[in-house]
Amino acid sequence: MKNTFQLLDEQTAKDLKAYLSRAKKMDPKGVVRLRAFGTLLTAYVAPLFTGSILDDGPTVLGLRTMELKEETEINILVPIQAVLDRIAFELEKPATAERFVFDMASSERVPWAGVSPPRTGWVEAGFLAEHMLTNVAKRGITEVAEAIPESVGGPIAARIRAEVWGRAIDLESKVPAGAAFAAAGLGFLVKDENVPVFHSQGWVRLSTEFGHVLSKEAKHF
């Protein structure tokens, strides 16, 4: 089954390209979930996720929305690289009414696809400073690199990453360090600005004008 949608314009295509390019750097074999009902397209990526429901590590989702030219209904999982290739192809084409039309089949299965953050009930619960989130991300990257020798892989490496990225930034917000890592890596943070924090049904969300990061509340500090 194919799913057709058309991005609003060239700038929308470039915004999607920038977002997915950052996501691919964080997960070179990454997948994007594209969902739309109406003229709003949502693009979910997972910079951090666990391999099975038995793992304790955090699943952290990135979300960016963009406008479509016409109403449509889609729900597909495709390799990030496939979307980037199609955007590059469309950007090379002359400007016509049929530009930025995507016709893609859902071809992937990933563990995080079944994770569904709440759509409603979000309550604002304060702010976190950009510099704090950026520093948390940097410290986490350093800690993971120092704790995992190049020769170590598999379950041991996964357990170390889960410990580092699943740790709460502070006791009050319950935002996991992995959310800071995703927000920084996906380009959602703006220097010296405060980032609103929202909670709903055991989930936490960081939101800026560039996108959202969603994850379960951290269980340990």
# chains A, B, ... in the order shown; residues from 1 in each chain; ligands from 1
>>> closest_atom_pairs(of="stretch 80-131 of chain A", to="stretch 171-189 of chain A", cutoff="9 Å", atoms="only C-alpha atoms", output="CSV")
residue,atom,partner,partner_atom,distance
A:Ala125,CA,A:Ser173,CA,7.5
A:Gly126,CA,A:Ser173,CA,8.0
A:Phe127,CA,A:Ser173,CA,8.6
A:Leu128,CA,A:Ser173,CA,8.5
A:Glu130,CA,A:Leu189,CA,6.3
>>> residues_around(residues="A:Thr50", least_positions_apart="6", cutoff="12 Å", atoms="only C-alpha atoms", output="JSON, numbers by chain")
{"A": [56, 57, 58, 59, 60, 61, 110, 111, 112, 113, 114, 115, 155, 158, 159, 161, 162, 165, 166]}
>>> write_last_selection(atoms="N, CA and C atoms", output="PDB file, in the first residue's frame")
ATOM      1  N   ASP A  56      15.400  -1.527  30.370  1.00  0.00           N
ATOM      2  CA  ASP A  56      15.069  -0.414  31.255  1.00  0.00           C
ATOM      3  C   ASP A  56      15.416   0.945  30.664  1.00  0.00           C
ATOM      4  N   GLY A  57      16.093   0.973  29.540  1.00  0.00           N
ATOM      5  CA  GLY A  57      16.522   2.235  28.961  1.00  0.00           C
ATOM      6  C   GLY A  57      15.362   3.079  28.468  1.00  0.00           C
ATOM      7  N   PRO A  58      15.591   4.387  28.364  1.00  0.00           N
ATOM      8  CA  PRO A  58      14.525   5.275  27.924  1.00  0.00           C
ATOM      9  C   PRO A  58      14.303   5.205  26.414  1.00  0.00           C
ATOM     10  N   THR A  59      13.065   5.389  26.012  1.00  0.00           N
ATOM     11  CA  THR A  59      12.747   5.630  24.613  1.00  0.00           C
ATOM     12  C   THR A  59      12.411   7.109  24.499  1.00  0.00           C
ATOM     13  N   VAL A  60      13.189   7.821  23.718  1.00  0.00           N
ATOM     14  CA  VAL A  60      13.028   9.265  23.585  1.00  0.00           C
ATOM     15  C   VAL A  60      12.662   9.583  22.140  1.00  0.00           C
ATOM     16  N   LEU A  61      11.537  10.234  21.966  1.00  0.00           N
ATOM     17  CA  LEU A  61      11.045  10.554  20.629  1.00  0.00           C
ATOM     18  C   LEU A  61      11.229  12.030  20.311  1.00  0.00           C
ATOM     19  N   VAL A 110      10.024  -1.208  13.783  1.00  0.00           N
ATOM     20  CA  VAL A 110      10.988  -0.838  14.815  1.00  0.00           C
ATOM     21  C   VAL A 110      10.321  -0.949  16.186  1.00  0.00           C
ATOM     22  N   PRO A 111      11.122  -1.236  17.233  1.00  0.00           N
ATOM     23  CA  PRO A 111      10.547  -1.434  18.569  1.00  0.00           C
ATOM     24  C   PRO A 111       9.745  -0.242  19.086  1.00  0.00           C
ATOM     25  N   TRP A 112      10.177   0.979  18.725  1.00  0.00           N
ATOM     26  CA  TRP A 112       9.525   2.151  19.291  1.00  0.00           C
ATOM     27  C   TRP A 112       8.240   2.553  18.574  1.00  0.00           C
ATOM     28  N   ALA A 113       7.912   1.887  17.488  1.00  0.00           N
ATOM     29  CA  ALA A 113       6.728   2.268  16.711  1.00  0.00           C
ATOM     30  C   ALA A 113       5.432   2.117  17.511  1.00  0.00           C
ATOM     31  N   GLY A 114       5.438   1.205  18.466  1.00  0.00           N
ATOM     32  CA  GLY A 114       4.235   0.993  19.253  1.00  0.00           C
ATOM     33  C   GLY A 114       4.115   1.923  20.454  1.00  0.00           C
ATOM     34  N   VAL A 115       5.111   2.788  20.643  1.00  0.00           N
ATOM     35  CA  VAL A 115       5.082   3.729  21.756  1.00  0.00           C
ATOM     36  C   VAL A 115       4.209   4.921  21.380  1.00  0.00           C
ATOM     37  N   PRO A 155      24.858  -6.146  25.361  1.00  0.00           N
ATOM     38  CA  PRO A 155      24.109  -5.860  26.587  1.00  0.00           C
ATOM     39  C   PRO A 155      24.820  -4.912  27.553  1.00  0.00           C
ATOM     40  N   ALA A 158      24.563  -1.389  26.210  1.00  0.00           N
ATOM     41  CA  ALA A 158      23.170  -0.958  26.300  1.00  0.00           C
ATOM     42  C   ALA A 158      22.806  -0.584  27.728  1.00  0.00           C
ATOM     43  N   ARG A 159      23.317  -1.364  28.693  1.00  0.00           N
ATOM     44  CA  ARG A 159      23.016  -1.093  30.100  1.00  0.00           C
ATOM     45  C   ARG A 159      23.641   0.227  30.539  1.00  0.00           C
ATOM     46  N   ARG A 161      24.384   2.848  28.589  1.00  0.00           N
ATOM     47  CA  ARG A 161      23.636   3.947  27.954  1.00  0.00           C
ATOM     48  C   ARG A 161      22.295   4.167  28.654  1.00  0.00           C
ATOM     49  N   ALA A 162      21.642   3.068  29.009  1.00  0.00           N
ATOM     50  CA  ALA A 162      20.350   3.175  29.688  1.00  0.00           C
ATOM     51  C   ALA A 162      20.499   3.887  31.023  1.00  0.00           C
ATOM     52  N   TRP A 165      21.429   7.821  30.169  1.00  0.00           N
ATOM     53  CA  TRP A 165      20.370   8.600  29.530  1.00  0.00           C
ATOM     54  C   TRP A 165      19.024   8.481  30.231  1.00  0.00           C
ATOM     55  N   GLY A 166      18.864   7.469  31.075  1.00  0.00           N
ATOM     56  CA  GLY A 166      17.608   7.321  31.802  1.00  0.00           C
ATOM     57  C   GLY A 166      17.571   8.086  33.108  1.00  0.00           C
TER      58      GLY A 166
END
>>> select_by_dssp(residues="stretch 10-103 of chain A", states="helix (DSSP H, G or I)", output="PyMOL selection string")
chain A and resi 10-26+80-92
>>> residues_around(residues="A:Asn3", least_positions_apart="5", cutoff="12 Å", atoms="only C-alpha atoms", output="PyMOL selection string")
chain A and resi 34-36+72-78+101-107
>>> closest_residue(among="A:Val31, A:Ser215, A:His131, A:Lys138", to="A:Val190", atoms="only C-alpha atoms")
A:His131
>>> select_by_dssp(residues="stretch 81-112 of chain A", states="strand (DSSP E)", output="list in words")
Val101, Phe102, Asp103, Met104 and Ala105 of chain A
>>> write_last_selection(atoms="N, CA and C atoms", output="compact mmCIF listing (two decimals), in the first residue's frame")
# COMPACT_ATOMS: atom_id res chain seq x y z
N VAL A 101 5.78 16.02 -4.11
CA VAL A 101 4.80 14.96 -3.90
C VAL A 101 5.56 13.68 -3.52
N PHE A 102 5.19 13.06 -2.43
CA PHE A 102 5.83 11.84 -1.95
C PHE A 102 4.84 10.69 -2.04
N ASP A 103 5.30 9.58 -2.57
CA ASP A 103 4.47 8.38 -2.68
C ASP A 103 5.31 7.22 -2.15
N MET A 104 5.18 6.94 -0.86
CA MET A 104 6.09 6.01 -0.21
C MET A 104 5.33 4.89 0.49
N ALA A 105 5.91 3.71 0.46
CA ALA A 105 5.30 2.57 1.12
C ALA A 105 5.90 2.40 2.52
>>> atom_distance(atom1="atom CA of A:Leu84", atom2="atom CA of A:Thr96")
19.8 Å
>>> closest_residue(among="A:His220, A:Arg109, A:Arg64, A:Arg167", to="A:Ala18", atoms="only C-alpha atoms")
A:Arg64
>>> atom_distance(atom1="atom CA of A:Glu193", atom2="atom CA of A:Ala168")
20.6 Å
>>> residues_around(residues="A:Arg139", least_positions_apart="4", cutoff="10 Å", atoms="only C-alpha atoms", output="VMD selection string")
chain A and resid 133 to 135 143 to 145 164 177 181
>>> residues_around(residues="A:Lys25", least_positions_apart="3", cutoff="10 Å", atoms="only C-alpha atoms", output="list in words")
Leu20, Ser21, Arg22, Pro28, Lys29, Gly30, Pro47, Gly185 and Leu186 of chain A
